[in-house]
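> So that we are looking at the same thing, I have put the structure below in structure tokens.
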Amino acid sequence: MVTGTGLGDLFRELGDLALATIGYSILGMALGQFVRSAVFAVIIGFAWLVAVENIITRIVPGTEQWLPGASITAVASGGVEGVGYAHGMILGAVYVVVAIGAAMTVFLRNDVTA
């Protein structure tokens, strides 16, 4: 039997996952704009999320709450140990806005030839 509470939780989590997907997509788009190659953007993005952020958090444990991957993961998970949901939302939004601004700046300054 489906309850209203269960449906509310389901849709809340679906919204959190959608926000996290949008955040990762925008950061990936900005990275692709900088390196101008989809393959290298994917490689750099995965390397950052899987390796670099883990190394940084192992060396300096207090930095986890300030890294973009950990912030967006906290949004997707509804908050994780070390990074709360609200902190992840705010910091993730800041990273996304900065990435959009930087990508727009690079795009507008590129010499586009047909």
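In the structure tokens, chains take letters A, B, ... by order of appearance, with residues numbered from 1 within each chain and ligands from 1 in the order shown.
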I need the helix (DSSP H, G or I) residues of range 32-95 of chain A per DSSP on the backbone, written as a ChimeraX atom specification.
/A:32-35,38-59,61-66,68-77,85-95
> Keeping N, CA and C atoms, export the residues of the selection given above as a short mmCIF file (atom, residue, chain, number, x, y, z; two decimals), in the first residue's frame.

```
data_model
loop_
_atom_site.label_atom_id
_atom_site.label_comp_id
_atom_site.auth_asym_id
_atom_site.auth_seq_id
_atom_site.Cartn_x
_atom_site.Cartn_y
_atom_site.Cartn_z
N GLY A 32 33.84 21.01 -20.48
CA GLY A 32 33.93 20.76 -21.92
C GLY A 32 34.20 22.03 -22.70
N GLN A 33 33.65 23.14 -22.24
CA GLN A 33 33.89 24.42 -22.90
C GLN A 33 35.35 24.83 -22.76
N PHE A 34 35.95 24.51 -21.61
CA PHE A 34 37.35 24.87 -21.40
C PHE A 34 38.31 23.99 -22.19
N VAL A 35 38.09 22.70 -22.21
CA VAL A 35 39.04 21.79 -22.87
C VAL A 35 38.68 21.53 -24.32
N ALA A 38 34.89 16.57 -25.71
CA ALA A 38 33.98 15.84 -24.84
C ALA A 38 34.69 14.70 -24.12
N VAL A 39 35.58 14.02 -24.82
CA VAL A 39 36.29 12.88 -24.23
C VAL A 39 37.17 13.35 -23.08
N PHE A 40 37.94 14.39 -23.30
CA PHE A 40 38.81 14.88 -22.24
C PHE A 40 38.01 15.47 -21.08
N ALA A 41 36.87 16.08 -21.37
CA ALA A 41 36.02 16.62 -20.30
C ALA A 41 35.50 15.50 -19.41
N VAL A 42 35.08 14.40 -20.01
CA VAL A 42 34.60 13.25 -19.23
C VAL A 42 35.73 12.65 -18.41
N ILE A 43 36.89 12.48 -19.02
CA ILE A 43 38.04 11.89 -18.31
C ILE A 43 38.45 12.79 -17.14
N ILE A 44 38.57 14.08 -17.38
CA ILE A 44 38.98 14.99 -16.31
C ILE A 44 37.92 15.04 -15.21
N GLY A 45 36.64 15.06 -15.60
CA GLY A 45 35.57 15.10 -14.61
C GLY A 45 35.55 13.87 -13.72
N PHE A 46 35.65 12.68 -14.32
CA PHE A 46 35.67 11.45 -13.52
C PHE A 46 36.94 11.37 -12.66
N ALA A 47 38.06 11.78 -13.23
CA ALA A 47 39.31 11.75 -12.45
C ALA A 47 39.20 12.68 -11.24
N TRP A 48 38.59 13.85 -11.44
CA TRP A 48 38.43 14.77 -10.33
C TRP A 48 37.53 14.18 -9.25
N LEU A 49 36.36 13.67 -9.67
CA LEU A 49 35.39 13.17 -8.70
C LEU A 49 35.85 11.91 -7.99
N VAL A 50 36.50 11.01 -8.72
CA VAL A 50 36.88 9.73 -8.13
C VAL A 50 38.22 9.79 -7.42
N ALA A 51 39.20 10.39 -8.04
CA ALA A 51 40.55 10.34 -7.48
C ALA A 51 40.93 11.60 -6.71
N VAL A 52 40.86 12.73 -7.36
CA VAL A 52 41.41 13.96 -6.78
C VAL A 52 40.68 14.36 -5.51
N GLU A 53 39.35 14.37 -5.54
CA GLU A 53 38.61 14.75 -4.33
C GLU A 53 38.88 13.78 -3.18
N ASN A 54 39.00 12.49 -3.47
CA ASN A 54 39.31 11.53 -2.40
C ASN A 54 40.69 11.75 -1.83
N ILE A 55 41.65 12.04 -2.68
CA ILE A 55 43.01 12.30 -2.20
C ILE A 55 43.03 13.56 -1.34
N ILE A 56 42.35 14.61 -1.80
CA ILE A 56 42.33 15.86 -1.04
C ILE A 56 41.68 15.65 0.33
N THR A 57 40.56 14.92 0.36
CA THR A 57 39.88 14.71 1.65
C THR A 57 40.67 13.80 2.58
N ARG A 58 41.47 12.90 2.04
CA ARG A 58 42.32 12.05 2.89
C ARG A 58 43.48 12.85 3.49
N ILE A 59 44.02 13.78 2.71
CA ILE A 59 45.14 14.58 3.20
C ILE A 59 44.67 15.66 4.16
N PRO A 61 41.21 16.47 5.90
CA PRO A 61 39.82 16.04 6.09
C PRO A 61 38.78 17.16 6.13
N GLY A 62 39.11 18.32 6.56
CA GLY A 62 38.15 19.41 6.66
C GLY A 62 37.73 20.02 5.33
N THR A 63 38.39 19.63 4.24
CA THR A 63 38.07 20.23 2.95
C THR A 63 36.90 19.58 2.24
N GLU A 64 36.42 18.44 2.75
CA GLU A 64 35.35 17.72 2.06
C GLU A 64 34.11 18.59 1.86
N GLN A 65 33.77 19.40 2.83
CA GLN A 65 32.56 20.20 2.74
C GLN A 65 32.68 21.35 1.74
N TRP A 66 33.86 21.60 1.19
CA TRP A 66 34.05 22.70 0.26
C TRP A 66 34.30 22.23 -1.17
N PRO A 68 33.36 20.54 -4.87
CA PRO A 68 32.12 20.52 -5.67
C PRO A 68 31.47 19.14 -5.75
N GLY A 69 32.24 18.09 -5.92
CA GLY A 69 31.67 16.75 -6.02
C GLY A 69 30.98 16.33 -4.74
N ALA A 70 31.60 16.61 -3.60
CA ALA A 70 31.01 16.26 -2.31
C ALA A 70 29.74 17.07 -2.06
N SER A 71 29.73 18.32 -2.48
CA SER A 71 28.54 19.16 -2.29
C SER A 71 27.37 18.65 -3.10
N ILE A 72 27.60 18.31 -4.35
CA ILE A 72 26.52 17.83 -5.21
C ILE A 72 26.08 16.43 -4.78
N THR A 73 27.01 15.62 -4.31
CA THR A 73 26.65 14.30 -3.79
C THR A 73 25.77 14.44 -2.55
N ALA A 74 26.04 15.44 -1.72
CA ALA A 74 25.21 15.68 -0.54
C ALA A 74 23.79 16.05 -0.95
N VAL A 75 23.64 16.80 -2.03
CA VAL A 75 22.31 17.14 -2.52
C VAL A 75 21.60 15.87 -3.00
N ALA A 76 22.30 15.03 -3.75
CA ALA A 76 21.70 13.80 -4.28
C ALA A 76 21.30 12.85 -3.17
N SER A 77 22.04 12.85 -2.07
CA SER A 77 21.80 11.90 -0.98
C SER A 77 20.94 12.48 0.14
N TYR A 85 22.77 18.82 3.83
CA TYR A 85 21.98 19.06 2.62
C TYR A 85 21.94 20.54 2.26
N ALA A 86 21.65 21.39 3.23
CA ALA A 86 21.55 22.84 2.95
C ALA A 86 22.89 23.40 2.51
N HIS A 87 23.96 22.97 3.17
CA HIS A 87 25.30 23.43 2.78
C HIS A 87 25.62 22.97 1.37
N GLY A 88 25.29 21.72 1.05
CA GLY A 88 25.52 21.20 -0.29
C GLY A 88 24.73 21.96 -1.34
N MET A 89 23.47 22.30 -1.03
CA MET A 89 22.65 23.07 -1.98
C MET A 89 23.25 24.45 -2.24
N ILE A 90 23.62 25.14 -1.18
CA ILE A 90 24.15 26.49 -1.34
C ILE A 90 25.47 26.47 -2.08
N LEU A 91 26.39 25.63 -1.62
CA LEU A 91 27.71 25.59 -2.25
C LEU A 91 27.63 25.03 -3.67
N GLY A 92 26.78 24.03 -3.89
CA GLY A 92 26.59 23.50 -5.23
C GLY A 92 26.05 24.58 -6.18
N ALA A 93 25.11 25.38 -5.70
CA ALA A 93 24.56 26.46 -6.51
C ALA A 93 25.64 27.50 -6.84
N VAL A 94 26.49 27.79 -5.87
CA VAL A 94 27.59 28.74 -6.11
C VAL A 94 28.53 28.19 -7.18
N TYR A 95 28.90 26.91 -7.07
CA TYR A 95 29.77 26.30 -8.08
C TYR A 95 29.12 26.32 -9.46
#
```
> For Val83 in chain A, which residue among A:Leu7, A:Ala99, A:Ile22, A:Leu67 is the nearest when counting only C-alpha atoms?
A:Leu67
> Mind pulling up the distance from CA of Val96 in chain A to CA of Gly23 in chain A?
6.3 Å
> So what do you get for CA of Val2 in chain A versus CA of Leu14 in chain A, distance-wise?
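Between these atoms lies a distance of 16.4 Å.
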> Separation of CA of Val80 in chain A and CA of Gly8 in chain A, in Å?
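CA of Val80 in chain A sits 20.2 Å away from CA of Gly8 in chain A.
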> Go through A:Ala103, A:Leu108, A:Leu31, A:Gly78 one by one, measure the shortest atom-to-atom distance of each to Asp16 in chain A using only C-alpha atoms, and give the residue with the smallest value.
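Under the stated criterion, the closest residue is A:Gly78.
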